[in-house]
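Coordinates from final.cif are shown below (mmCIF, C-alpha atoms and all ligand atoms).
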```cif
data_run
#
loop_
_atom_site.label_atom_id
_atom_site.label_comp_id
_atom_site.auth_asym_id
_atom_site.auth_seq_id
_atom_site.Cartn_x
_atom_site.Cartn_y
_atom_site.Cartn_z
CA MET A 19 -32.04 79.49 55.16
CA ARG A 20 -29.55 81.82 56.86
CA ALA A 21 -29.02 85.34 55.55
CA PHE A 22 -26.04 85.79 53.21
CA ARG A 23 -24.45 88.55 51.17
CA TYR A 24 -24.24 88.51 47.39
CA HIS A 25 -21.33 89.75 45.23
CA ARG A 26 -20.98 90.06 41.50
CA PRO A 27 -17.22 90.15 40.79
CA ALA A 28 -15.82 92.41 38.05
CA ASP A 29 -13.47 89.74 36.67
CA VAL A 30 -11.74 86.45 37.47
CA ALA A 31 -9.05 88.05 39.67
CA ASP A 32 -11.72 89.93 41.63
CA ALA A 33 -13.66 86.68 42.20
CA VAL A 34 -10.57 84.88 43.50
CA ALA A 35 -9.64 87.84 45.72
CA LEU A 36 -13.16 87.91 47.20
CA LEU A 37 -12.92 84.24 48.18
CA GLY A 38 -9.47 84.89 49.66
CA ALA A 39 -10.80 87.74 51.79
CA GLU A 40 -13.93 85.98 53.07
CA PRO A 41 -13.30 82.62 54.79
CA GLN A 42 -17.00 81.61 54.56
CA ALA A 43 -17.59 82.74 50.96
CA ALA A 44 -18.57 80.35 48.14
CA TYR A 45 -18.76 80.61 44.37
CA LEU A 46 -22.21 80.45 42.86
CA GLY A 47 -22.69 78.84 39.45
CA GLY A 48 -26.24 77.86 38.53
CA GLY A 49 -26.96 77.29 42.23
CA THR A 50 -28.76 73.99 41.57
CA ASN A 51 -26.65 72.14 44.13
CA LEU A 52 -25.30 74.86 46.42
CA VAL A 53 -28.64 76.55 47.09
CA ASP A 54 -30.29 73.19 47.86
CA LEU A 55 -27.54 72.45 50.38
CA MET A 56 -27.93 75.90 51.91
CA LYS A 57 -31.65 75.28 52.39
CA LEU A 58 -30.81 71.99 54.14
CA GLY A 59 -28.24 73.71 56.38
CA VAL A 60 -25.45 71.48 55.00
CA GLN A 61 -23.52 74.45 53.56
CA ARG A 62 -23.64 77.79 55.34
CA PRO A 63 -21.72 80.39 53.28
CA ASP A 64 -22.18 83.99 54.39
CA VAL A 65 -21.15 85.43 51.01
CA LEU A 66 -22.03 84.15 47.53
CA VAL A 67 -19.76 85.21 44.66
CA ASP A 68 -21.85 84.92 41.52
CA LEU A 69 -19.80 83.71 38.55
CA THR A 70 -22.49 83.78 35.92
CA ARG A 71 -21.77 87.32 34.61
CA LEU A 72 -18.07 86.59 34.06
CA PRO A 73 -17.00 86.09 30.43
CA LEU A 74 -16.52 82.33 30.90
CA ASP A 75 -19.59 81.21 28.97
CA THR A 76 -18.22 80.23 25.57
CA VAL A 77 -17.14 77.01 23.87
CA GLU A 78 -14.10 77.59 21.69
CA GLU A 79 -12.75 75.25 19.00
CA LEU A 80 -8.94 75.23 19.37
CA PRO A 81 -6.43 75.28 16.47
CA ASP A 82 -5.11 71.83 17.52
CA GLY A 83 -8.60 70.33 17.11
CA GLY A 84 -9.43 70.36 20.82
CA LEU A 85 -12.09 72.35 22.61
CA ARG A 86 -12.10 74.88 25.46
CA ILE A 87 -15.30 74.95 27.50
CA GLY A 88 -15.83 77.98 29.73
CA ALA A 89 -16.71 77.27 33.36
CA THR A 90 -20.10 78.97 33.19
CA VAL A 91 -21.26 77.29 29.96
CA ARG A 92 -24.63 75.75 30.84
CA ASN A 93 -24.95 71.98 30.62
CA SER A 94 -27.75 72.21 28.02
CA ASP A 95 -25.73 74.58 25.77
CA LEU A 96 -22.71 72.29 25.98
CA ALA A 97 -24.74 69.19 25.09
CA ALA A 98 -26.18 70.97 22.05
CA HIS A 99 -22.89 72.41 20.76
CA PRO A 100 -22.19 71.10 17.22
CA ALA A 101 -18.48 70.39 17.93
CA VAL A 102 -19.37 68.41 21.06
CA ARG A 103 -22.02 66.40 19.25
CA ARG A 104 -19.68 65.73 16.32
CA ASP A 105 -16.31 65.15 18.01
CA TYR A 106 -17.16 64.07 21.57
CA PRO A 107 -20.57 62.32 21.53
CA VAL A 108 -19.72 60.71 24.89
CA LEU A 109 -19.86 64.18 26.42
CA ALA A 110 -23.19 65.15 24.89
CA ARG A 111 -24.71 61.83 25.98
CA ALA A 112 -23.41 62.10 29.53
CA LEU A 113 -24.87 65.60 29.85
CA LEU A 114 -28.23 64.61 28.42
CA ALA A 115 -28.42 61.63 30.77
CA ALA A 116 -28.13 63.96 33.78
CA ALA A 117 -30.80 65.71 35.84
CA SER A 118 -33.67 67.32 33.87
CA GLY A 119 -34.00 69.88 31.06
CA GLN A 120 -34.69 72.71 33.52
CA LEU A 121 -31.71 71.81 35.71
CA ARG A 122 -29.39 71.51 32.71
CA ASN A 123 -30.47 74.98 31.59
CA MET A 124 -29.16 76.36 34.90
CA ALA A 125 -26.24 74.06 35.76
CA THR A 126 -22.76 75.19 34.76
CA THR A 127 -19.67 73.22 33.75
CA GLY A 128 -17.66 74.25 36.84
CA GLY A 129 -20.57 73.72 39.24
CA ASN A 130 -21.30 70.29 37.82
CA LEU A 131 -17.72 69.16 38.41
CA LEU A 132 -17.78 70.41 42.00
CA GLN A 133 -21.29 69.32 42.99
CA ARG A 134 -21.34 67.46 46.28
CA THR A 135 -22.10 63.80 46.90
CA ARG A 136 -25.71 62.62 47.00
CA CYS A 137 -25.07 60.41 50.05
CA VAL A 138 -28.32 60.84 51.99
CA TYR A 139 -26.49 61.07 55.32
CA PHE A 140 -24.37 63.94 54.02
CA GLN A 141 -27.58 65.83 53.28
CA ASP A 142 -29.08 65.14 56.72
CA THR A 143 -27.58 67.38 59.39
CA GLY A 144 -28.97 65.06 62.07
CA LYS A 145 -26.68 62.18 60.99
CA ALA A 146 -22.98 61.53 61.53
CA CYS A 147 -20.95 62.41 58.45
CA ASN A 148 -17.17 62.89 58.30
CA LYS A 149 -17.46 64.78 55.04
CA ARG A 150 -19.87 67.36 56.46
CA GLU A 151 -18.42 67.40 59.96
CA PRO A 152 -14.90 65.89 60.16
CA GLY A 153 -14.52 63.41 63.01
CA SER A 154 -18.26 62.85 63.54
CA GLY A 155 -18.33 59.36 61.98
CA CYS A 156 -19.91 57.82 58.88
CA ALA A 157 -23.55 56.81 59.18
CA ALA A 158 -23.46 55.23 55.72
CA ARG A 159 -20.68 52.73 56.38
CA HIS A 160 -23.08 50.35 58.17
CA GLY A 161 -26.27 52.12 57.14
CA GLN A 162 -28.14 52.31 53.85
CA ASN A 163 -25.32 52.17 51.31
CA ARG A 164 -26.96 50.88 48.12
CA ASP A 165 -25.94 53.96 46.11
CA LEU A 166 -22.42 54.24 47.48
CA ALA A 167 -18.90 53.12 46.57
CA VAL A 168 -17.47 49.70 45.75
CA LEU A 169 -13.92 50.85 44.94
CA ASP A 170 -11.34 52.87 46.85
CA TRP A 171 -13.56 53.75 49.85
CA SER A 172 -12.26 54.21 53.36
CA GLU A 173 -13.71 53.51 56.80
CA GLN A 174 -14.19 57.28 57.07
CA CYS A 175 -16.29 57.66 53.91
CA VAL A 176 -17.97 55.42 51.32
CA ALA A 177 -19.56 58.16 49.19
CA THR A 178 -19.55 58.32 45.40
CA HIS A 179 -19.11 61.30 43.10
CA PRO A 180 -22.41 62.11 41.41
CA SER A 181 -21.40 63.92 38.20
CA ASP A 182 -22.01 62.27 34.82
CA LEU A 183 -20.09 65.04 33.04
CA ALA A 184 -16.98 64.32 35.15
CA VAL A 185 -17.02 60.66 34.09
CA ALA A 186 -17.06 61.57 30.39
CA LEU A 187 -14.32 64.17 30.89
CA THR A 188 -12.21 61.58 32.74
CA ALA A 189 -12.39 59.19 29.78
CA LEU A 190 -11.38 62.08 27.49
CA ASP A 191 -8.33 63.11 29.57
CA ALA A 192 -9.71 66.62 29.99
CA VAL A 193 -7.62 69.33 31.62
CA VAL A 194 -9.25 71.63 34.18
CA GLN A 195 -8.03 75.22 33.96
CA VAL A 196 -8.13 77.00 37.30
CA HIS A 197 -7.22 80.39 38.74
CA GLU A 198 -5.67 80.61 42.20
CA THR A 199 -4.43 83.62 44.18
CA ASP A 200 -1.04 83.33 42.49
CA GLY A 201 -2.42 82.89 38.97
CA PRO A 202 -3.65 80.26 36.51
CA ARG A 203 -2.83 76.55 36.60
CA ASP A 204 -3.83 73.42 34.66
CA ILE A 205 -4.92 70.24 36.45
CA PRO A 206 -5.53 66.99 34.54
CA ILE A 207 -9.01 65.87 35.56
CA THR A 208 -7.57 62.50 36.57
CA ALA A 209 -5.61 64.42 39.26
CA LEU A 210 -8.45 66.73 40.34
CA TYR A 211 -10.43 64.46 42.67
CA ARG A 212 -9.15 62.79 45.84
CA SER A 213 -9.78 59.38 47.34
CA PRO A 214 -11.63 59.76 50.67
CA GLY A 215 -8.85 58.35 52.91
CA THR A 216 -8.91 59.86 56.39
CA HIS A 217 -10.01 63.28 55.12
CA PRO A 218 -13.18 62.87 53.06
CA GLU A 219 -13.96 66.56 53.58
CA ARG A 220 -11.10 67.29 51.14
CA GLU A 221 -12.66 66.37 47.83
CA THR A 222 -10.26 67.84 45.31
CA THR A 223 -6.59 68.73 45.02
CA MET A 224 -7.47 72.42 44.65
CA ALA A 225 -6.84 74.87 47.47
CA ARG A 226 -9.87 76.62 48.97
CA GLY A 227 -10.92 79.59 46.85
CA THR A 228 -9.63 78.14 43.58
CA LEU A 229 -11.82 79.11 40.66
CA ILE A 230 -12.39 76.78 37.72
CA THR A 231 -12.25 78.97 34.62
CA ALA A 232 -12.48 76.37 31.84
CA VAL A 233 -12.10 72.74 30.83
CA ARG A 234 -9.88 71.89 27.87
CA LEU A 235 -10.43 68.79 25.79
CA PRO A 236 -7.39 67.50 23.92
CA PRO A 237 -7.93 66.53 20.29
CA LEU A 238 -8.97 62.88 20.19
CA PRO A 239 -10.22 61.80 16.73
CA ALA A 240 -11.09 58.37 18.16
CA ALA A 241 -13.70 60.04 20.38
CA ARG A 242 -16.00 60.38 17.37
CA ARG A 243 -16.73 56.74 18.16
CA SER A 244 -17.67 57.15 21.80
CA THR A 245 -20.68 56.69 24.03
CA TYR A 246 -22.04 57.02 27.57
CA LEU A 247 -24.28 54.40 29.12
CA LYS A 248 -26.03 55.08 32.39
CA VAL A 249 -28.29 52.81 34.43
CA ARG A 250 -30.62 54.47 36.95
CA ASP A 251 -33.74 53.76 38.92
CA ARG A 252 -35.99 55.66 36.50
CA ALA A 253 -35.60 56.84 32.94
CA SER A 254 -34.78 60.47 33.75
CA PHE A 255 -34.13 62.83 36.64
CA ALA A 256 -32.05 60.28 38.56
CA PHE A 257 -28.42 59.81 39.46
CA ALA A 258 -26.50 56.79 38.13
CA ALA A 259 -26.62 53.37 39.77
CA GLY A 260 -23.79 52.67 37.35
CA SER A 261 -22.37 54.37 34.27
CA VAL A 262 -19.60 54.01 31.74
CA ALA A 263 -17.96 56.46 29.34
CA ALA A 264 -16.26 54.66 26.46
CA VAL A 265 -14.11 55.57 23.45
CA LEU A 266 -13.09 52.78 21.07
CA ASP A 267 -10.60 52.91 18.20
CA LEU A 268 -10.43 49.73 16.10
CA ASP A 269 -8.00 48.73 13.37
CA GLY A 270 -10.03 45.97 11.73
CA ASP A 271 -11.11 44.05 14.78
CA LEU A 272 -7.93 44.94 16.71
CA VAL A 273 -8.28 47.42 19.58
CA ARG A 274 -5.86 50.21 18.67
CA ASP A 275 -6.96 52.50 21.51
CA VAL A 276 -9.67 52.55 24.15
CA ARG A 277 -10.68 54.91 26.96
CA LEU A 278 -13.00 53.85 29.75
CA ALA A 279 -14.28 55.58 32.88
CA TYR A 280 -16.89 54.46 35.40
CA GLY A 281 -19.39 56.46 37.41
CA ALA A 282 -21.14 55.63 40.70
CA VAL A 283 -18.43 53.25 41.89
CA ALA A 284 -16.03 55.51 43.82
CA HIS A 285 -15.42 58.84 45.52
CA ARG A 286 -14.09 60.11 42.21
CA PRO A 287 -14.86 59.37 38.57
CA TRP A 288 -13.03 56.10 38.00
CA ARG A 289 -10.65 55.83 35.05
CA ALA A 290 -10.50 52.12 34.18
CA TYR A 291 -6.83 51.91 33.21
CA ARG A 292 -6.56 48.21 33.98
CA ALA A 293 -9.49 47.36 31.72
CA GLU A 294 -7.99 49.50 28.96
CA GLN A 295 -4.73 47.60 29.28
CA GLU A 296 -6.56 44.25 28.92
CA LEU A 297 -8.24 45.46 25.74
CA ARG A 298 -5.45 47.31 23.89
CA GLY A 299 -3.78 45.35 21.10
CA HIS A 300 -6.25 42.43 21.17
CA PRO A 301 -9.04 41.46 18.76
CA PHE A 302 -12.26 42.88 20.18
CA SER A 303 -14.98 40.55 21.40
CA PRO A 304 -17.70 40.91 24.05
CA ALA A 305 -15.92 38.18 26.03
CA LEU A 306 -12.72 40.26 26.04
CA ALA A 307 -14.71 43.30 27.22
CA ALA A 308 -16.16 41.24 30.08
CA ARG A 309 -12.70 40.03 31.10
CA ALA A 310 -11.41 43.60 30.99
CA ALA A 311 -14.21 44.82 33.29
CA ASP A 312 -13.57 41.92 35.67
CA ALA A 313 -9.88 42.85 35.82
CA GLU A 314 -10.79 46.44 36.66
CA LEU A 315 -13.24 45.43 39.35
CA ALA A 316 -11.05 42.72 40.89
CA GLU A 317 -10.19 44.96 43.83
CA ALA A 318 -13.75 46.09 44.47
CA ARG A 319 -15.09 45.76 48.01
CA PRO A 320 -18.87 45.93 47.82
CA LEU A 321 -20.74 47.19 50.87
CA ARG A 322 -23.72 45.45 52.41
CA HIS A 323 -26.31 46.74 49.90
CA ASN A 324 -24.43 47.45 46.68
CA GLY A 325 -22.93 44.18 45.40
CA PHE A 326 -25.18 44.57 42.34
CA LYS A 327 -22.85 47.31 41.06
CA LEU A 328 -20.23 44.77 39.97
CA PRO A 329 -22.33 42.77 37.47
CA LEU A 330 -24.03 46.01 36.43
CA THR A 331 -20.74 47.77 35.64
CA ARG A 332 -19.48 44.68 33.83
CA ALA A 333 -22.68 44.47 31.74
CA ILE A 334 -22.62 48.13 30.68
CA THR A 335 -18.92 47.89 29.79
CA VAL A 336 -19.66 44.96 27.46
CA ARG A 337 -22.69 46.67 25.99
CA ALA A 338 -21.04 50.06 25.41
CA LEU A 339 -17.95 48.56 23.75
CA THR A 340 -19.93 46.06 21.68
CA GLU A 341 -22.19 48.83 20.38
CA LEU A 342 -19.16 50.97 19.52
CA ALA A 343 -17.44 48.06 17.78
CA ALA A 344 -20.49 47.57 15.60
CA SER A 345 -20.97 51.26 14.78
C1 LIG B 401 -33.06 66.59 41.17
C2 LIG B 401 -31.66 66.66 40.65
C3 LIG B 401 -31.20 65.63 39.84
C4 LIG B 401 -29.88 65.66 39.36
N1 LIG B 401 -29.42 64.64 38.57
C5 LIG B 401 -28.12 64.67 38.14
C6 LIG B 401 -27.58 63.62 37.37
O1 LIG B 401 -28.26 62.64 37.05
N2 LIG B 401 -26.27 63.70 36.98
C7 LIG B 401 -25.50 64.78 37.30
O2 LIG B 401 -24.33 64.81 36.91
N3 LIG B 401 -25.98 65.77 38.03
C8 LIG B 401 -27.27 65.75 38.46
N4 LIG B 401 -27.74 66.77 39.23
C9 LIG B 401 -26.81 67.75 39.73
C10 LIG B 401 -26.70 68.92 38.85
O3 LIG B 401 -26.11 68.53 37.64
C11 LIG B 401 -25.80 69.87 39.62
O4 LIG B 401 -26.58 70.41 40.66
C12 LIG B 401 -25.26 70.97 38.74
O5 LIG B 401 -24.50 70.46 37.68
C13 LIG B 401 -24.39 71.90 39.56
O6 LIG B 401 -24.05 73.00 38.74
P1 LIG B 401 -24.35 74.49 39.23
O7 LIG B 401 -23.74 75.39 38.24
O8 LIG B 401 -25.79 74.68 39.51
O9 LIG B 401 -23.50 74.47 40.57
P2 LIG B 401 -23.68 75.28 41.92
O10 LIG B 401 -24.78 74.70 42.71
O11 LIG B 401 -23.76 76.74 41.63
O12 LIG B 401 -22.27 74.99 42.60
C14 LIG B 401 -21.88 73.69 42.99
C15 LIG B 401 -20.54 73.79 43.73
O13 LIG B 401 -19.51 74.17 42.84
C16 LIG B 401 -18.88 75.40 43.27
N5 LIG B 401 -18.59 76.11 42.01
C17 LIG B 401 -19.46 76.43 41.04
N6 LIG B 401 -18.82 76.92 39.98
C18 LIG B 401 -17.50 76.93 40.29
C19 LIG B 401 -16.32 77.33 39.60
N7 LIG B 401 -16.35 77.80 38.35
N8 LIG B 401 -15.13 77.22 40.25
C20 LIG B 401 -15.06 76.73 41.51
N9 LIG B 401 -16.16 76.35 42.21
C21 LIG B 401 -17.35 76.44 41.59
C22 LIG B 401 -19.90 76.05 44.16
O14 LIG B 401 -19.28 76.89 45.13
C23 LIG B 401 -20.53 74.85 44.82
O15 LIG B 401 -19.74 74.37 45.88
C24 LIG B 401 -29.05 66.76 39.70
C25 LIG B 401 -29.52 67.80 40.51
C26 LIG B 401 -30.81 67.74 40.99
C27 LIG B 401 -31.28 68.87 41.88
S1 LIG B 402 -20.29 58.06 53.14
FE1 LIG B 402 -19.16 59.98 53.31
S2 LIG B 402 -20.71 61.48 52.83
FE2 LIG B 402 -21.81 59.61 53.42
S3 LIG B 402 -22.14 59.69 55.64
FE3 LIG B 402 -20.21 58.65 55.32
S4 LIG B 402 -18.72 60.32 55.48
FE4 LIG B 402 -20.67 61.28 55.06
#
```
As structure tokens, the full file:
Amino acid sequence: MRAFRYHRPADVADAVALLGAEPQAAYLGGGTNLVDLMKLGVQRPDVLVDLTRLPLDTVEELPDGGLRIGATVRNSDLAAHPAVRRDYPVLARALLAAASGQLRNMATTGGNLLQRTRCVYFQDTGKACNKREPGSGCAARHGQNRDLAVLDWSEQCVATHPSDLAVALTALDAVVQVHETDGPRDIPITALYRSPGTHPERETTMARGTLITAVRLPPLPAARRSTYLKVRDRASFAFAAGSVAAVLDLDGDLVRDVRLAYGAVAHRPWRAYRAEQELRGHPFSPALAARAADAELAEARPLRHNGFKLPLTRAITVRALTELAAS
């Protein structure tokens, strides 16, 4: 690992100013992704700006019934928070389905959202990767691409976003609160992540140096009936082969409202608007859920090794919604 300097900023403005002044600086949350990538030589910051002493580590219940989650709240604390467990079970389940207990004790909310792809070629500095080194090519496009995207990929990049938390937050219409050099700004999470297009190295719509300070959840009483299903190669300590975050609001058997988001299918957490549209206003049945998933996945373009993701995503959509309908 290369030598680097370490800074502990006095406050949010100081952190943002430090990033502005140092072109190779990076924020440090729990370090569970960044430090690994530094050891591999994939990221080479010369200054780390440690966020973990900033006062961003609380979960606050808002007067409107929503929740504000500080950027340095640890994943394990968030999963255990009584308001999260009561009002947004999809969030608690997504967090508990991720990584391991030790990692969740370190990982922060902001760091989780901005963790980098697990594409194995991205992590291997000996391989071509447009995301790591723009213009070098994409070794995954015709390589081993079992874990990669089926929707919205480009010839330049077929990576997926790895975060389970981001999928749950996408279903919940969370708002990401950020601080830039000219002050604070709110970004709906559905507008935070980019498609890979011709610039897969640009992963979000935030400018370099932007600090995530918090995530705000709008009040959503229907989310009390919500869940997260994740399929992976082993029971724990593994990224998703497919996942779904689901919220279901029924009036009798009629679908009054529904929120769905998919993980492991695209460069960003995938909000399944088309599936939601198929479901809303109709009597719920597993067959309807299957049709809705098929409508969402109609434009999928599986790669050589990942066609299994389509029936898998369909099956977990049906299962998640059927379980919610019966609960
Ligand atoms: C073996 C293993 C298994 C895993 N399994 C899963 C899994 O199944 N599901 C899952 O979702 N995750 C999984 N993870 C990933 C883990 O959840 C992430 O590493 C973790 O959430 C990152 O959080 P962090 O605080 O440690 O981020 P860091 O490593 O500190 O930072 C990650 C990135 O975010 C930036 N950053 C951090 N905080 C902020 C902020 N507030 N504002 C702006 N930028 C910021 C950093 O500069 C860096 O680029 C796994 C990790 C490992 C090592
Ligand atoms: S899929 Fe994306 S991250 Fe993976 S090698 Fe290709 S460009 Fe790099």
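Using all atoms listed in the file, the residues found no farther than 7 Å from segment 77-84 of chain A, other than those of its own chain fewer than 3 positions away, are Ile87, Gly88, Leu235, Pro236 and Pro237 of chain A.
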- Item | Non-local contacts of Trp288 of chain A (6 Å; all atoms listed in the file; under 2 positions in same chain excluded) as a list in words | Ala279, Tyr280 and Arg286 of chain A
If you count only C-alpha atoms, which residues fall within 10 Å of Asp269 of chain A, apart from same-chain ones fewer than 4 positions away, as a short mmCIF file (atom, residue, chain, number, x, y, z; two decimals) with C-alpha atoms, keeping the file's coordinate frame?
```
data_model
loop_
_atom_site.label_atom_id
_atom_site.label_comp_id
_atom_site.auth_asym_id
_atom_site.auth_seq_id
_atom_site.Cartn_x
_atom_site.Cartn_y
_atom_site.Cartn_z
CA VAL A 273 -8.28 47.42 19.58
CA ARG A 274 -5.86 50.21 18.67
CA ASP A 275 -6.96 52.50 21.51
CA GLY A 299 -3.78 45.35 21.10
CA PRO A 301 -9.04 41.46 18.76
CA PHE A 302 -12.26 42.88 20.18
#
```
- Contacts to ligand LIG 401 (chain B) at 7 Å cut-off (all atoms listed in the file) as a PyMOL selection string: chain A and resi 44-53+69+89-90+115-118+121-122+124-134+180-183+228-231+255-258
Per-axis box centre and lengths in Å around ligand LIG 402 (chain B), 4 Å margin per side, axis-aligned, as JSON:
```
{"center_x": -20.4, "center_y": 59.8, "center_z": 54.2, "size_x": 11.4, "size_y": 11.4, "size_z": 10.8}
```
- Message: Which residues are near ligand LIG 402 (chain B) in this structure, taking near to mean any atom at most 9 Å from a ligand atom and counting all atoms listed in the file? Format them as a ChimeraX atom specification.
- Response: /A:134-142,145-152,154-159,161,163,166-167,171-178,214,218-219,285
- Item | atom CA of Gly144 of chain A to atom CA of Ala259 of chain A, straight-line distance in Å |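 Rounded to one decimal, the two atoms are 25.3 Å apart.
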- Task: Tell me which of A:Ala184, A:Leu247, A:Ala21, A:Val336 sits closest to Leu66 of chain A, counting all atoms listed in the file.
- Result: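 The shortest atom-to-atom distance to Leu66 of chain A comes from A:Ala21.
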- Message: Need the shell around Thr340 of chain A: protein/DNA/RNA residues with any atom at most 9 Å away, counting all atoms listed in the file. Skip same-chain ones fewer than 5 positions apart. Format as a PyMOL selection string?
- Response: chain A and resi 302-304+307+335+345
- Can you tell me how far atom CA of Val60 of chain A sits from atom CA of Asn93 of chain A, in Å to one decimal?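 So the answer is 24.4 Å.
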Pull C-alpha atoms for segment 156-218 of chain A from the block and write them as a PDB file, in the first residue's frame.
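As a result, out_37.pdb now contains:
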```
ATOM      1  CA  CYS A 156     -13.873  -3.839 -20.576  1.00  0.00           C
ATOM      2  CA  ALA A 157     -12.507  -7.298 -19.821  1.00  0.00           C
ATOM      3  CA  ALA A 158     -15.874  -8.391 -18.441  1.00  0.00           C
ATOM      4  CA  ARG A 159     -17.934  -7.744 -21.564  1.00  0.00           C
ATOM      5  CA  HIS A 160     -16.747 -11.007 -23.165  1.00  0.00           C
ATOM      6  CA  GLY A 161     -15.143 -12.448 -20.040  1.00  0.00           C
ATOM      7  CA  GLN A 162     -16.595 -13.960 -16.886  1.00  0.00           C
ATOM      8  CA  ASN A 163     -19.800 -11.981 -16.448  1.00  0.00           C
ATOM      9  CA  ARG A 164     -22.037 -14.228 -14.337  1.00  0.00           C
ATOM     10  CA  ASP A 165     -22.398 -11.615 -11.577  1.00  0.00           C
ATOM     11  CA  LEU A 166     -22.862  -8.625 -13.849  1.00  0.00           C
ATOM     12  CA  ALA A 167     -25.704  -6.621 -15.398  1.00  0.00           C
ATOM     13  CA  VAL A 168     -28.694  -7.683 -17.481  1.00  0.00           C
ATOM     14  CA  LEU A 169     -30.324  -4.238 -17.766  1.00  0.00           C
ATOM     15  CA  ASP A 170     -29.074  -0.862 -18.979  1.00  0.00           C
ATOM     16  CA  TRP A 171     -25.427  -1.898 -19.545  1.00  0.00           C
ATOM     17  CA  SER A 172     -23.224  -0.410 -22.231  1.00  0.00           C
ATOM     18  CA  GLU A 173     -20.411  -1.802 -24.367  1.00  0.00           C
ATOM     19  CA  GLN A 174     -18.066   0.192 -22.109  1.00  0.00           C
ATOM     20  CA  CYS A 175     -19.223  -1.377 -18.828  1.00  0.00           C
ATOM     21  CA  VAL A 176     -21.491  -4.220 -17.674  1.00  0.00           C
ATOM     22  CA  ALA A 177     -20.924  -3.859 -13.920  1.00  0.00           C
ATOM     23  CA  THR A 178     -23.611  -3.956 -11.238  1.00  0.00           C
ATOM     24  CA  HIS A 179     -23.971  -1.868  -8.093  1.00  0.00           C
ATOM     25  CA  PRO A 180     -23.283  -4.031  -5.042  1.00  0.00           C
ATOM     26  CA  SER A 181     -25.167  -2.282  -2.218  1.00  0.00           C
ATOM     27  CA  ASP A 182     -28.193  -3.965  -0.627  1.00  0.00           C
ATOM     28  CA  LEU A 183     -28.951  -0.830   1.402  1.00  0.00           C
ATOM     29  CA  ALA A 184     -29.198   1.263  -1.790  1.00  0.00           C
ATOM     30  CA  VAL A 185     -31.818  -1.110  -3.220  1.00  0.00           C
ATOM     31  CA  ALA A 186     -34.032  -0.764  -0.142  1.00  0.00           C
ATOM     32  CA  LEU A 187     -33.590   3.024  -0.114  1.00  0.00           C
ATOM     33  CA  THR A 188     -34.524   3.148  -3.807  1.00  0.00           C
ATOM     34  CA  ALA A 189     -37.819   1.364  -3.129  1.00  0.00           C
ATOM     35  CA  LEU A 190     -38.484   3.833  -0.288  1.00  0.00           C
ATOM     36  CA  ASP A 191     -37.826   6.969  -2.403  1.00  0.00           C
ATOM     37  CA  ALA A 192     -35.105   8.101  -0.014  1.00  0.00           C
ATOM     38  CA  VAL A 193     -33.485  11.505  -0.420  1.00  0.00           C
ATOM     39  CA  VAL A 194     -29.703  11.796  -0.103  1.00  0.00           C
ATOM     40  CA  GLN A 195     -28.589  14.977   1.653  1.00  0.00           C
ATOM     41  CA  VAL A 196     -25.199  16.179   0.478  1.00  0.00           C
ATOM     42  CA  HIS A 197     -22.831  19.072   1.110  1.00  0.00           C
ATOM     43  CA  GLU A 198     -20.908  20.607  -1.776  1.00  0.00           C
ATOM     44  CA  THR A 199     -18.487  23.547  -1.874  1.00  0.00           C
ATOM     45  CA  ASP A 200     -21.419  25.921  -2.344  1.00  0.00           C
ATOM     46  CA  GLY A 201     -23.581  24.388   0.383  1.00  0.00           C
ATOM     47  CA  PRO A 202     -26.152  21.664   1.036  1.00  0.00           C
ATOM     48  CA  ARG A 203     -28.353  19.997  -1.580  1.00  0.00           C
ATOM     49  CA  ASP A 204     -30.908  17.169  -1.692  1.00  0.00           C
ATOM     50  CA  ILE A 205     -30.729  14.428  -4.323  1.00  0.00           C
ATOM     51  CA  PRO A 206     -33.503  11.824  -4.693  1.00  0.00           C
ATOM     52  CA  ILE A 207     -31.744   8.471  -4.557  1.00  0.00           C
ATOM     53  CA  THR A 208     -33.380   7.545  -7.868  1.00  0.00           C
ATOM     54  CA  ALA A 209     -31.333  10.412  -9.397  1.00  0.00           C
ATOM     55  CA  LEU A 210     -28.074   9.685  -7.552  1.00  0.00           C
ATOM     56  CA  TYR A 211     -26.629   6.854  -9.641  1.00  0.00           C
ATOM     57  CA  ARG A 212     -25.749   6.976 -13.341  1.00  0.00           C
ATOM     58  CA  SER A 213     -26.108   4.436 -16.116  1.00  0.00           C
ATOM     59  CA  PRO A 214     -22.640   3.404 -17.372  1.00  0.00           C
ATOM     60  CA  GLY A 215     -22.996   4.812 -20.921  1.00  0.00           C
ATOM     61  CA  THR A 216     -19.658   5.887 -22.377  1.00  0.00           C
ATOM     62  CA  HIS A 217     -18.342   7.092 -19.011  1.00  0.00           C
ATOM     63  CA  PRO A 218     -18.607   4.251 -16.496  1.00  0.00           C
TER      64      PRO A 218
END
```
